[in-house]
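Next comes entry-v5.txt, a file with compact mmCIF, C-alpha atoms.
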# COMPACT_ATOMS: atom_id res chain seq x y z
CA MET A 1 -45.73 -19.34 -21.09
CA PRO A 2 -48.91 -19.30 -23.17
CA ASP A 3 -50.28 -15.82 -23.60
CA GLY A 4 -53.84 -16.91 -23.08
CA SER A 5 -54.86 -20.43 -23.78
CA VAL A 6 -57.10 -22.30 -26.15
CA VAL A 7 -55.37 -25.60 -25.35
CA SER A 8 -56.35 -27.60 -22.32
CA VAL A 9 -53.99 -28.12 -19.41
CA ALA A 10 -53.79 -31.83 -20.28
CA THR A 11 -52.74 -31.06 -23.87
CA ARG A 12 -50.21 -28.57 -22.62
CA ASP A 13 -48.72 -31.08 -20.22
CA ARG A 14 -48.49 -33.72 -22.97
CA TRP A 15 -46.63 -31.24 -25.19
CA ARG A 16 -44.35 -30.28 -22.37
CA ALA A 17 -43.40 -33.93 -21.89
CA ARG A 18 -42.53 -34.22 -25.59
CA VAL A 19 -40.48 -31.06 -25.63
CA GLU A 20 -38.50 -31.86 -22.51
CA PRO A 21 -35.93 -34.29 -24.03
CA PHE A 22 -34.99 -31.72 -26.69
CA ALA A 23 -34.77 -29.00 -24.06
CA ARG A 24 -32.50 -31.19 -21.94
CA GLY A 25 -30.38 -31.78 -25.04
CA PHE A 26 -29.81 -28.04 -25.37
CA GLY A 27 -28.95 -27.99 -21.69
CA ARG A 28 -26.27 -30.68 -22.21
CA LEU A 29 -24.78 -28.44 -24.92
CA GLY A 30 -24.16 -25.97 -22.11
CA LEU A 31 -27.03 -23.60 -22.94
CA THR A 32 -28.97 -21.99 -20.09
CA PRO A 33 -32.71 -21.29 -20.36
CA ASN A 34 -31.99 -17.55 -20.71
CA ALA A 35 -29.48 -18.26 -23.49
CA LEU A 36 -32.22 -20.20 -25.31
CA THR A 37 -34.54 -17.21 -24.85
CA VAL A 38 -31.99 -14.90 -26.46
CA LEU A 39 -31.34 -17.45 -29.23
CA GLY A 40 -35.09 -17.56 -29.97
CA PHE A 41 -35.06 -13.77 -30.31
CA GLY A 42 -32.18 -14.14 -32.77
CA ILE A 43 -34.28 -16.57 -34.86
CA SER A 44 -37.03 -13.92 -35.03
CA GLY A 45 -34.39 -11.48 -36.24
CA VAL A 46 -33.49 -13.85 -39.08
CA ALA A 47 -37.20 -14.19 -39.94
CA ALA A 48 -37.43 -10.39 -40.04
CA ILE A 49 -34.50 -10.11 -42.45
CA THR A 50 -35.95 -12.74 -44.79
CA ALA A 51 -39.29 -10.90 -44.70
CA GLY A 52 -37.50 -7.65 -45.55
CA LEU A 53 -36.01 -9.45 -48.57
CA GLN A 54 -39.53 -10.67 -49.51
CA TRP A 55 -38.48 -14.28 -49.06
CA TRP A 56 -41.95 -14.86 -47.68
CA ILE A 57 -41.81 -18.67 -47.45
CA ALA A 58 -38.56 -18.55 -45.48
CA ALA A 59 -39.97 -15.82 -43.25
CA GLY A 60 -43.08 -17.88 -42.52
CA VAL A 61 -41.19 -21.09 -41.80
CA ILE A 62 -38.49 -19.42 -39.70
CA SER A 63 -40.92 -17.30 -37.65
CA MET A 64 -43.03 -20.36 -36.83
CA GLY A 65 -39.87 -22.33 -36.11
CA GLY A 66 -38.68 -19.57 -33.79
CA ALA A 67 -41.99 -19.63 -31.94
CA ALA A 68 -41.75 -23.41 -31.55
CA PHE A 69 -38.15 -23.03 -30.38
CA ASP A 70 -39.50 -20.72 -27.74
CA MET A 71 -40.97 -23.72 -25.89
CA PHE A 72 -37.48 -24.96 -25.06
CA ASP A 73 -36.40 -22.24 -22.66
CA GLY A 74 -39.26 -22.80 -20.24
CA ALA A 75 -38.97 -26.58 -20.63
CA LEU A 76 -35.25 -26.55 -19.86
CA ALA A 77 -35.82 -24.26 -16.87
CA ARG A 78 -38.48 -26.60 -15.47
CA ALA A 79 -36.44 -29.74 -16.18
CA THR A 80 -33.34 -28.38 -14.46
CA GLY A 81 -35.13 -26.59 -11.63
CA THR A 82 -33.68 -23.24 -12.76
CA ALA A 83 -37.00 -21.51 -13.48
CA SER A 84 -36.87 -17.96 -12.18
CA VAL A 85 -39.08 -14.91 -12.16
CA PHE A 86 -36.43 -13.03 -14.11
CA GLY A 87 -36.34 -15.82 -16.68
CA ALA A 88 -40.11 -15.53 -17.11
CA PHE A 89 -39.79 -11.76 -17.49
CA LEU A 90 -36.97 -12.00 -20.03
CA ASP A 91 -38.88 -14.63 -21.97
CA SER A 92 -42.07 -12.56 -22.16
CA THR A 93 -40.18 -9.39 -23.06
CA LEU A 94 -38.03 -10.90 -25.81
CA ASP A 95 -41.04 -12.85 -27.19
CA ARG A 96 -42.79 -9.51 -27.71
CA TRP A 97 -39.75 -7.96 -29.30
CA GLY A 98 -39.24 -11.00 -31.51
CA GLU A 99 -42.83 -10.82 -32.72
CA ALA A 100 -42.43 -7.09 -33.42
CA VAL A 101 -39.27 -7.40 -35.52
CA VAL A 102 -41.00 -9.84 -37.88
CA TYR A 103 -43.68 -7.21 -38.54
CA ILE A 104 -40.98 -4.59 -39.11
CA GLY A 105 -39.41 -6.95 -41.65
CA ILE A 106 -42.79 -7.26 -43.39
CA VAL A 107 -43.13 -3.46 -43.42
CA ALA A 108 -39.72 -3.27 -45.10
CA GLY A 109 -40.52 -6.04 -47.57
CA GLY A 110 -43.91 -4.53 -48.37
CA PHE A 111 -42.28 -1.15 -48.98
CA ALA A 112 -39.66 -2.69 -51.27
CA ALA A 113 -42.51 -4.32 -53.23
CA GLY A 114 -44.32 -0.98 -53.47
CA ASP A 115 -47.25 -2.59 -51.74
CA SER A 116 -48.93 0.05 -49.58
CA LEU A 117 -51.64 -2.24 -48.23
CA THR A 118 -49.11 -4.72 -46.83
CA VAL A 119 -47.12 -1.88 -45.22
CA ILE A 120 -50.13 -0.35 -43.48
CA LEU A 121 -51.64 -3.70 -42.48
CA ALA A 122 -48.31 -4.90 -41.05
CA ALA A 123 -48.08 -1.74 -38.92
CA LEU A 124 -51.69 -2.18 -37.80
CA ALA A 125 -51.18 -5.87 -37.00
CA MET A 126 -48.02 -5.12 -35.03
CA SER A 127 -49.72 -2.47 -32.91
CA ALA A 128 -52.81 -4.61 -32.28
CA ALA A 129 -50.72 -7.64 -31.36
CA PHE A 130 -48.70 -5.49 -28.94
CA MET A 131 -51.91 -4.16 -27.42
CA VAL A 132 -53.09 -7.71 -26.68
CA SER A 133 -49.94 -8.44 -24.69
CA TYR A 134 -49.86 -4.99 -23.08
CA ALA A 135 -53.48 -5.18 -21.95
CA ARG A 136 -52.83 -8.47 -20.20
CA ALA A 137 -49.60 -7.35 -18.52
CA LYS A 138 -51.18 -4.09 -17.40
CA ALA A 139 -54.26 -5.89 -16.08
CA GLU A 140 -52.06 -8.28 -14.11
CA SER A 141 -49.94 -5.43 -12.75
CA LEU A 142 -53.18 -4.02 -11.26
CA GLY A 143 -54.15 -7.36 -9.76
CA PHE A 144 -56.68 -8.44 -12.41
CA LYS A 145 -56.70 -11.42 -14.72
CA GLY A 146 -56.24 -10.47 -18.37
CA GLU A 147 -55.83 -13.73 -20.20
CA VAL A 148 -59.13 -13.84 -22.10
CA GLY A 149 -59.53 -13.28 -25.82
CA ILE A 150 -59.59 -14.84 -29.24
CA ALA A 151 -56.11 -13.94 -30.49
CA PRO A 152 -53.30 -14.84 -28.09
CA ARG A 153 -49.79 -15.27 -29.46
CA PRO A 154 -49.88 -18.90 -30.72
CA GLU A 155 -52.90 -18.10 -32.92
CA ARG A 156 -51.25 -14.91 -34.23
CA ILE A 157 -48.02 -16.74 -35.06
CA VAL A 158 -49.83 -19.47 -36.99
CA ILE A 159 -52.04 -17.03 -38.95
CA LEU A 160 -49.00 -14.93 -39.89
CA GLY A 161 -46.83 -17.94 -40.74
CA VAL A 162 -49.49 -19.46 -43.01
CA GLY A 163 -50.13 -16.09 -44.66
CA LEU A 164 -46.41 -15.61 -45.35
CA ILE A 165 -45.99 -19.09 -46.80
CA LEU A 166 -49.08 -18.73 -49.04
CA ALA A 167 -47.84 -15.31 -50.20
CA GLY A 168 -44.57 -16.92 -51.20
CA ILE A 169 -46.20 -19.84 -52.98
CA THR A 170 -48.82 -17.87 -54.91
CA ARG A 171 -46.74 -14.75 -55.63
CA GLY A 172 -49.55 -12.84 -57.33
CA PRO A 173 -49.26 -9.16 -58.22
CA ALA A 174 -48.18 -7.16 -55.15
CA ASN A 175 -47.49 -10.48 -53.39
CA GLY A 176 -51.01 -11.86 -53.74
CA PRO A 177 -53.74 -11.37 -51.19
CA TRP A 178 -52.74 -14.00 -48.64
CA LEU A 179 -50.28 -12.02 -46.59
CA GLN A 180 -52.62 -9.06 -46.56
CA ILE A 181 -55.53 -11.26 -45.48
CA ALA A 182 -53.42 -12.74 -42.68
CA LEU A 183 -52.29 -9.30 -41.48
CA ALA A 184 -55.84 -7.93 -41.63
CA ALA A 185 -57.08 -10.97 -39.68
CA ILE A 186 -54.41 -10.47 -37.01
CA ALA A 187 -55.21 -6.75 -36.74
CA ALA A 188 -58.95 -7.41 -36.46
CA LEU A 189 -58.81 -10.41 -34.12
CA SER A 190 -56.21 -8.73 -31.91
CA SER A 191 -58.25 -5.54 -31.69
CA ILE A 192 -61.27 -7.58 -30.64
CA THR A 193 -59.10 -9.33 -28.05
CA VAL A 194 -57.97 -5.98 -26.61
CA VAL A 195 -61.60 -4.88 -26.25
CA GLN A 196 -62.43 -8.26 -24.65
CA ARG A 197 -59.61 -7.76 -22.16
CA ILE A 198 -60.73 -4.21 -21.34
CA LEU A 199 -64.30 -5.42 -20.72
CA HIS A 200 -62.99 -8.37 -18.71
CA VAL A 201 -61.06 -6.01 -16.44
CA ARG A 202 -64.09 -3.75 -16.13
CA ALA A 203 -66.22 -6.70 -15.04
CA GLN A 204 -63.64 -7.70 -12.44
CA ALA A 205 -63.27 -4.10 -11.24
CA SER A 206 -67.02 -3.61 -10.80
CA GLN A 207 -67.07 -6.70 -8.57
CA SER A 208 -64.37 -5.32 -6.31
CA GLU A 209 -64.56 -1.55 -6.53
CA VAL A 210 -61.49 0.05 -5.03
CA SER A 211 -60.83 3.77 -4.93
CA HIS A 212 -57.30 5.06 -5.04
CA MET B 1 -50.11 8.37 -14.76
CA PRO B 2 -46.52 9.17 -15.79
CA ASP B 3 -44.74 6.26 -17.41
CA GLY B 4 -41.55 6.83 -15.52
CA SER B 5 -40.63 10.19 -14.24
CA VAL B 6 -38.04 12.81 -14.88
CA VAL B 7 -40.11 15.48 -13.10
CA SER B 8 -40.03 15.82 -9.34
CA VAL B 9 -43.07 15.08 -7.20
CA ALA B 10 -43.33 18.80 -6.29
CA THR B 11 -43.38 19.80 -9.96
CA ARG B 12 -45.97 17.18 -10.66
CA ASP B 13 -48.19 18.39 -7.83
CA ARG B 14 -47.90 22.02 -9.01
CA TRP B 15 -48.97 20.95 -12.51
CA ARG B 16 -51.83 18.94 -11.12
CA ALA B 17 -53.12 22.00 -9.26
CA ARG B 18 -53.04 24.04 -12.49
CA VAL B 19 -54.78 21.37 -14.51
CA GLU B 20 -57.55 20.76 -11.98
CA PRO B 21 -59.83 23.77 -12.80
CA PHE B 22 -59.89 22.77 -16.47
CA ALA B 23 -60.59 19.18 -15.56
CA ARG B 24 -63.47 20.27 -13.30
CA GLY B 25 -64.79 22.34 -16.22
CA PHE B 26 -64.98 19.21 -18.36
CA GLY B 27 -66.75 17.52 -15.48
CA ARG B 28 -69.39 20.30 -15.37
CA LEU B 29 -69.99 19.67 -19.09
CA GLY B 30 -71.14 16.21 -18.02
CA LEU B 31 -68.00 14.33 -19.05
CA THR B 32 -66.73 11.49 -16.87
CA PRO B 33 -63.00 10.74 -16.49
CA ASN B 34 -63.38 7.64 -18.68
CA ALA B 35 -65.15 9.71 -21.35
CA LEU B 36 -62.15 12.09 -21.32
CA THR B 37 -59.84 9.08 -21.72
CA VAL B 38 -61.76 7.93 -24.80
CA LEU B 39 -61.84 11.51 -26.15
CA GLY B 40 -58.06 11.71 -25.79
CA PHE B 41 -57.75 8.52 -27.83
CA GLY B 42 -59.94 10.18 -30.47
CA ILE B 43 -57.53 13.13 -30.61
CA SER B 44 -54.67 10.71 -31.28
CA GLY B 45 -56.76 9.27 -34.10
CA VAL B 46 -57.06 12.73 -35.65
CA ALA B 47 -53.29 13.20 -35.30
CA ALA B 48 -52.80 9.86 -37.07
CA ILE B 49 -55.01 10.91 -39.98
CA THR B 50 -53.18 14.23 -40.41
CA ALA B 51 -49.86 12.34 -40.34
CA GLY B 52 -51.18 9.99 -43.02
CA LEU B 53 -51.97 13.07 -45.13
CA GLN B 54 -48.42 14.35 -44.49
CA TRP B 55 -49.76 17.42 -42.69
CA TRP B 56 -46.80 17.08 -40.39
CA ILE B 57 -47.24 20.34 -38.46
CA ALA B 58 -50.87 19.53 -37.66
CA ALA B 59 -49.89 15.99 -36.67
CA GLY B 60 -47.19 17.31 -34.32
CA VAL B 61 -49.40 19.92 -32.70
CA ILE B 62 -52.42 17.64 -32.36
CA SER B 63 -50.46 14.68 -30.99
CA MET B 64 -48.82 16.88 -28.34
CA GLY B 65 -52.19 18.48 -27.61
CA GLY B 66 -53.73 15.05 -27.20
CA ALA B 67 -51.00 14.04 -24.78
CA ALA B 68 -51.57 17.22 -22.76
CA PHE B 69 -55.32 16.56 -22.84
CA ASP B 70 -54.53 13.22 -21.31
CA MET B 71 -53.78 14.94 -17.99
CA PHE B 72 -57.43 15.88 -17.57
CA ASP B 73 -58.92 12.42 -17.08
CA GLY B 74 -56.80 11.62 -14.05
CA ALA B 75 -57.21 15.17 -12.70
CA LEU B 76 -61.02 15.02 -12.99
CA ALA B 77 -61.07 11.58 -11.38
CA ARG B 78 -58.99 12.83 -8.44
CA ALA B 79 -60.99 16.07 -8.09
CA THR B 80 -64.32 14.26 -8.04
CA GLY B 81 -63.22 11.25 -6.02
CA THR B 82 -64.10 8.91 -8.87
CA ALA B 83 -60.61 7.51 -9.48
CA SER B 84 -60.83 3.76 -10.02
CA VAL B 85 -58.50 0.93 -10.85
CA PHE B 86 -60.45 0.31 -14.04
CA GLY B 87 -60.07 3.98 -14.97
CA ALA B 88 -56.30 3.69 -14.52
CA PHE B 89 -56.27 0.54 -16.65
CA LEU B 90 -58.38 2.10 -19.41
CA ASP B 91 -56.19 5.21 -19.38
CA SER B 92 -52.95 3.25 -19.69
CA THR B 93 -54.34 0.99 -22.40
CA LEU B 94 -55.82 3.73 -24.58
CA ASP B 95 -52.71 5.90 -24.11
CA ARG B 96 -50.68 3.08 -25.64
CA TRP B 97 -53.11 2.62 -28.49
CA GLY B 98 -53.23 6.36 -29.09
CA GLU B 99 -49.46 6.53 -29.29
CA ALA B 100 -49.44 3.59 -31.71
CA VAL B 101 -51.98 5.02 -34.15
CA VAL B 102 -49.86 8.16 -34.60
CA TYR B 103 -46.94 5.96 -35.70
CA ILE B 104 -49.24 4.08 -38.07
CA GLY B 105 -50.26 7.43 -39.53
CA ILE B 106 -46.59 8.29 -40.02
CA VAL B 107 -46.01 4.92 -41.72
CA ALA B 108 -48.88 5.74 -44.10
CA GLY B 109 -47.65 9.30 -44.72
CA GLY B 110 -44.09 8.12 -45.25
CA PHE B 111 -45.28 5.51 -47.72
CA ALA B 112 -47.36 8.10 -49.62
CA ALA B 113 -44.22 10.26 -49.82
CA GLY B 114 -42.19 7.30 -51.13
CA ASP B 115 -39.89 7.77 -48.15
CA SER B 116 -38.65 4.33 -47.12
CA LEU B 117 -36.51 5.56 -44.24
CA THR B 118 -39.47 7.24 -42.54
CA VAL B 119 -41.61 4.13 -42.98
CA ILE B 120 -39.03 1.79 -41.44
CA LEU B 121 -38.05 4.20 -38.68
CA ALA B 122 -41.69 4.79 -37.72
CA ALA B 123 -42.26 1.02 -37.44
CA LEU B 124 -39.07 0.68 -35.38
CA ALA B 125 -39.99 3.62 -33.12
CA MET B 126 -43.49 2.24 -32.58
CA SER B 127 -42.22 -1.19 -31.58
CA ALA B 128 -39.53 0.21 -29.28
CA ALA B 129 -41.99 2.60 -27.62
CA PHE B 130 -44.40 -0.28 -27.06
CA MET B 131 -41.60 -2.36 -25.58
CA VAL B 132 -40.88 0.37 -23.01
CA SER B 133 -44.46 0.28 -21.76
CA TYR B 134 -44.73 -3.50 -22.00
CA ALA B 135 -41.52 -4.07 -20.04
CA ARG B 136 -42.81 -1.93 -17.20
CA ALA B 137 -46.29 -3.48 -17.11
CA LYS B 138 -44.83 -7.00 -17.27
CA ALA B 139 -42.30 -6.19 -14.53
CA GLU B 140 -45.07 -4.84 -12.31
CA SER B 141 -47.28 -7.87 -13.00
CA LEU B 142 -44.45 -10.01 -11.56
CA GLY B 143 -44.09 -7.79 -8.50
CA PHE B 144 -41.06 -5.78 -9.63
CA LYS B 145 -40.64 -2.07 -10.21
CA GLY B 146 -40.08 -1.22 -13.86
CA GLU B 147 -40.24 2.54 -14.03
CA VAL B 148 -36.59 3.32 -14.76
CA GLY B 149 -35.22 4.49 -18.07
CA ILE B 150 -34.40 7.45 -20.25
CA ALA B 151 -37.39 7.44 -22.62
CA PRO B 152 -40.77 7.29 -20.87
CA ARG B 153 -43.85 8.52 -22.73
CA PRO B 154 -43.66 12.31 -22.11
CA GLU B 155 -40.14 12.43 -23.58
CA ARG B 156 -41.20 10.32 -26.57
CA ILE B 157 -44.22 12.53 -27.24
CA VAL B 158 -42.14 15.72 -27.18
CA ILE B 159 -39.38 14.31 -29.41
CA LEU B 160 -41.94 13.10 -31.95
CA GLY B 161 -44.01 16.28 -31.82
CA VAL B 162 -40.98 18.50 -32.38
CA GLY B 163 -39.74 16.24 -35.19
CA LEU B 164 -43.13 16.36 -36.93
CA ILE B 165 -43.36 20.15 -36.66
CA LEU B 166 -39.80 20.68 -37.95
CA ALA B 167 -40.50 18.25 -40.82
CA GLY B 168 -43.52 20.34 -41.76
CA ILE B 169 -41.65 23.65 -41.51
CA THR B 170 -38.53 22.64 -43.42
CA ARG B 171 -40.18 20.33 -46.02
CA GLY B 172 -36.93 19.29 -47.63
CA PRO B 173 -36.71 16.45 -50.11
CA ALA B 174 -38.41 13.35 -48.69
CA ASN B 175 -39.73 15.50 -45.82
CA GLY B 176 -36.35 16.68 -44.61
CA PRO B 177 -34.29 14.85 -42.03
CA TRP B 178 -36.07 16.07 -38.87
CA LEU B 179 -38.85 13.53 -38.66
CA GLN B 180 -36.40 10.75 -39.42
CA ILE B 181 -34.02 12.02 -36.75
CA ALA B 182 -36.85 12.17 -34.21
CA LEU B 183 -38.01 8.64 -35.06
CA ALA B 184 -34.47 7.27 -34.92
CA ALA B 185 -33.95 8.99 -31.56
CA ILE B 186 -37.17 7.48 -30.18
CA ALA B 187 -36.24 4.03 -31.47
CA ALA B 188 -32.73 4.25 -29.99
CA LEU B 189 -33.64 5.82 -26.64
CA SER B 190 -36.61 3.48 -26.21
CA SER B 191 -34.50 0.43 -26.98
CA ILE B 192 -31.97 1.57 -24.38
CA THR B 193 -34.83 2.06 -21.92
CA VAL B 194 -36.07 -1.49 -22.52
CA VAL B 195 -32.58 -2.85 -21.80
CA GLN B 196 -32.41 -0.65 -18.68
CA ARG B 197 -35.72 -2.08 -17.50
CA ILE B 198 -34.62 -5.67 -18.16
CA LEU B 199 -31.42 -5.09 -16.18
CA HIS B 200 -33.37 -3.32 -13.43
CA VAL B 201 -35.66 -6.34 -13.07
CA ARG B 202 -32.66 -8.67 -13.09
CA ALA B 203 -31.09 -6.67 -10.26
CA GLN B 204 -34.29 -6.84 -8.23
CA ALA B 205 -34.73 -10.56 -8.97
CA SER B 206 -31.20 -11.41 -7.88
CA GLN B 207 -31.89 -9.72 -4.55
CA SER B 208 -34.96 -11.84 -3.92
CA GLU B 209 -34.46 -15.08 -5.79
CA VAL B 210 -37.71 -17.01 -5.99
CA SER B 211 -38.15 -20.27 -7.82
CA HIS B 212 -41.49 -21.10 -9.39

In structure tokens, how does this file's structure come out?
Amino acid sequence: MPDGSVVSVATRDRWRARVEPFARGFGRLGLTPNALTVLGFGISGVAAITAGLQWWIAAGVISMGGAAFDMFDGALARATGTASVFGAFLDSTLDRWGEAVVYIGIVAGGFAAGDSLTVILAALAMSAAFMVSYARAKAESLGFKGEVGIAPRPERIVILGVGLILAGITRGPANGPWLQIALAAIAALSSITVVQRILHVRAQASQSEVSH
Amino acid sequence: MPDGSVVSVATRDRWRARVEPFARGFGRLGLTPNALTVLGFGISGVAAITAGLQWWIAAGVISMGGAAFDMFDGALARATGTASVFGAFLDSTLDRWGEAVVYIGIVAGGFAAGDSLTVILAALAMSAAFMVSYARAKAESLGFKGEVGIAPRPERIVILGVGLILAGITRGPANGPWLQIALAAIAALSSITVVQRILHVRAQASQSEVSH
């Protein structure tokens, strides 16, 4: 499920049609949608380990690959009519955890490189990215819409993946500036998104004031 | 709002009655419940800065004080009949952010101390604590209950506060083991709580299977 959407419904549907044959292929291998969800989480774990080892290019490629892989669980569920509310919950929850472990890997890799800025920025980016997802889930639990904002998950994944790959290619002193720029961008854009979501909820609340 | 409860309703009501006069006092100073919420977030920011400076005792005391302060916003809102859904949303969201910044401060302080274990454990504890809150909010957004589990926020705050204070008192090499033990405990107990919440949602979903 997109975490907020900058792509149109038509584009999304076109992508879904392309993904479906692959998803069905996994299904023929005997994998359930929830198994694919757990497998995607495992890919994020591998990305985290490579980041901890400062294999930045591998970490960037694998984390983006894992995010792309994440389209298959929903696609398989839709194609086989096995979509469930629990599946959606598990998918959202493990997506969050998978995103977080990559940042933890970067914290570890940054520490090993003696690079304080990367360590702090990775922790900041992780917390801000979490806040984006939390703000939406909390808003929806209270009956509001919370999907607005400039930095939903696909954007965060791409910024981080590109930053990791550039860090690996350029390999300047203390890993060059690219990873740090990407982390700072994620932290800033995500923080703005959280504020956007808070204001969006406030606007909805003021239209339908309920006391409790 | 408690994040899951180990205290009985009667205990909670007794505490609320004790807190109310203080909350009303803040109200007479001209502070609104939402202003108290933002002020509480500011206290967490101060705790984060002290943690970054490795003033562990101050960080422990201030972060626990900030969490206690957090009772006042809801109490004032109830006492003055100004409780609102937006207020509850803002409170939950800034509570999360306030908890996160303290961990970021610990990451910074651990890095300054050259203490890799503290850095990694703080990042792990932050992500696991976030997952606990996210899993509940996401569950509730899908119409499930998600409040179960052994490590809701009050427990996490106390474990971390005690760990910080003991780290400051003992000041062994690399800050002694206490902060690391507290962070590891939070990471482990929170991870267990996330799994408990996932299984709890699965149990509810299997009772009322809905396709979508």

* Asked: Which residues, written as a PyMOL selection string, have at least one atom at most 10 Å from region 160-172 of chain A, with all atoms listed in the file counted and residues fewer than 4 positions away on the same chain left out?
  -> chain A and resi 51+54-65+102-103+106+125+155-156+176-186

Using all atoms listed in the file and a cut-off of 9 Å, which residues of chain B sit close to chain A? Please list them as a PDB file with C-alpha atoms, keeping the file's coordinate frame.
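Okay, out-v4.pdb is ready:
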ATOM      1  CA  ARG B  78     -58.990  12.830  -8.440  1.00  0.00           C
ATOM      2  CA  GLY B  81     -63.220  11.250  -6.020  1.00  0.00           C
ATOM      3  CA  THR B  82     -64.100   8.910  -8.870  1.00  0.00           C
ATOM      4  CA  ALA B  83     -60.610   7.510  -9.480  1.00  0.00           C
ATOM      5  CA  SER B  84     -60.830   3.760 -10.020  1.00  0.00           C
ATOM      6  CA  VAL B  85     -58.500   0.930 -10.850  1.00  0.00           C
ATOM      7  CA  PHE B  86     -60.450   0.310 -14.040  1.00  0.00           C
ATOM      8  CA  GLY B  87     -60.070   3.980 -14.970  1.00  0.00           C
ATOM      9  CA  ALA B  88     -56.300   3.690 -14.520  1.00  0.00           C
ATOM     10  CA  PHE B  89     -56.270   0.540 -16.650  1.00  0.00           C
ATOM     11  CA  LEU B  90     -58.380   2.100 -19.410  1.00  0.00           C
ATOM     12  CA  SER B  92     -52.950   3.250 -19.690  1.00  0.00           C
ATOM     13  CA  THR B  93     -54.340   0.990 -22.400  1.00  0.00           C
ATOM     14  CA  ARG B  96     -50.680   3.080 -25.640  1.00  0.00           C
ATOM     15  CA  TRP B  97     -53.110   2.620 -28.490  1.00  0.00           C
ATOM     16  CA  ALA B 100     -49.440   3.590 -31.710  1.00  0.00           C
ATOM     17  CA  VAL B 101     -51.980   5.020 -34.150  1.00  0.00           C
ATOM     18  CA  TYR B 103     -46.940   5.960 -35.700  1.00  0.00           C
ATOM     19  CA  ILE B 104     -49.240   4.080 -38.070  1.00  0.00           C
ATOM     20  CA  GLY B 105     -50.260   7.430 -39.530  1.00  0.00           C
ATOM     21  CA  VAL B 107     -46.010   4.920 -41.720  1.00  0.00           C
ATOM     22  CA  ALA B 108     -48.880   5.740 -44.100  1.00  0.00           C
ATOM     23  CA  PHE B 111     -45.280   5.510 -47.720  1.00  0.00           C
ATOM     24  CA  ALA B 112     -47.360   8.100 -49.620  1.00  0.00           C
ATOM     25  CA  GLY B 114     -42.190   7.300 -51.130  1.00  0.00           C
ATOM     26  CA  SER B 116     -38.650   4.330 -47.120  1.00  0.00           C
ATOM     27  CA  VAL B 119     -41.610   4.130 -42.980  1.00  0.00           C
ATOM     28  CA  ILE B 120     -39.030   1.790 -41.440  1.00  0.00           C
ATOM     29  CA  ALA B 123     -42.260   1.020 -37.440  1.00  0.00           C
ATOM     30  CA  LEU B 124     -39.070   0.680 -35.380  1.00  0.00           C
ATOM     31  CA  MET B 126     -43.490   2.240 -32.580  1.00  0.00           C
ATOM     32  CA  SER B 127     -42.220  -1.190 -31.580  1.00  0.00           C
ATOM     33  CA  ALA B 128     -39.530   0.210 -29.280  1.00  0.00           C
ATOM     34  CA  PHE B 130     -44.400  -0.280 -27.060  1.00  0.00           C
ATOM     35  CA  MET B 131     -41.600  -2.360 -25.580  1.00  0.00           C
ATOM     36  CA  SER B 133     -44.460   0.280 -21.760  1.00  0.00           C
ATOM     37  CA  TYR B 134     -44.730  -3.500 -22.000  1.00  0.00           C
ATOM     38  CA  ALA B 135     -41.520  -4.070 -20.040  1.00  0.00           C
ATOM     39  CA  ARG B 136     -42.810  -1.930 -17.200  1.00  0.00           C
ATOM     40  CA  ALA B 137     -46.290  -3.480 -17.110  1.00  0.00           C
ATOM     41  CA  LYS B 138     -44.830  -7.000 -17.270  1.00  0.00           C
ATOM     42  CA  ALA B 139     -42.300  -6.190 -14.530  1.00  0.00           C
ATOM     43  CA  GLU B 140     -45.070  -4.840 -12.310  1.00  0.00           C
ATOM     44  CA  SER B 141     -47.280  -7.870 -13.000  1.00  0.00           C
ATOM     45  CA  LEU B 142     -44.450 -10.010 -11.560  1.00  0.00           C
ATOM     46  CA  GLY B 143     -44.090  -7.790  -8.500  1.00  0.00           C
ATOM     47  CA  VAL B 194     -36.070  -1.490 -22.520  1.00  0.00           C
ATOM     48  CA  ILE B 198     -34.620  -5.670 -18.160  1.00  0.00           C
ATOM     49  CA  VAL B 201     -35.660  -6.340 -13.070  1.00  0.00           C
ATOM     50  CA  ARG B 202     -32.660  -8.670 -13.090  1.00  0.00           C
ATOM     51  CA  GLN B 204     -34.290  -6.840  -8.230  1.00  0.00           C
ATOM     52  CA  ALA B 205     -34.730 -10.560  -8.970  1.00  0.00           C
ATOM     53  CA  SER B 206     -31.200 -11.410  -7.880  1.00  0.00           C
ATOM     54  CA  GLU B 209     -34.460 -15.080  -5.790  1.00  0.00           C
ATOM     55  CA  VAL B 210     -37.710 -17.010  -5.990  1.00  0.00           C
ATOM     56  CA  SER B 211     -38.150 -20.270  -7.820  1.00  0.00           C
ATOM     57  CA  HIS B 212     -41.490 -21.100  -9.390  1.00  0.00           C
TER      58      HIS B 212
END

* With a distance cut-off of 9 Å and only C-alpha atoms, select the neighbouring residues of Gly149 (chain B), excluding the residue or stretch itself and same-chain residues fewer than 4 positions from it, and output the selection as a PyMOL selection string. => chain B and resi 4-5+132+189-190+192-197

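What separates CA of Gly30 (chain B) from CA of Gly42 (chain B) is a distance of 17.8 Å.
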
* Structure fact -> Computed gap from CA of Asp95 (chain B) to CA of Val9 (chain B) is 21.5 Å

* **From A:Ala67, A:Ser44, A:Leu31, A:Ala187, residue lying nearest Arg153 (chain A) [all atoms listed in the file]** => A:Ala67

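Residue nearest Ala23 (chain A), chosen from A:Gly66, A:Gly40, A:Gly110, A:Gly74 and counting only C-alpha atoms: A:Gly74.
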
* What is the distance between CA of Ala75 (chain B) and CA of Gly146 (chain B), in Å to one decimal? -> 23.7 Å
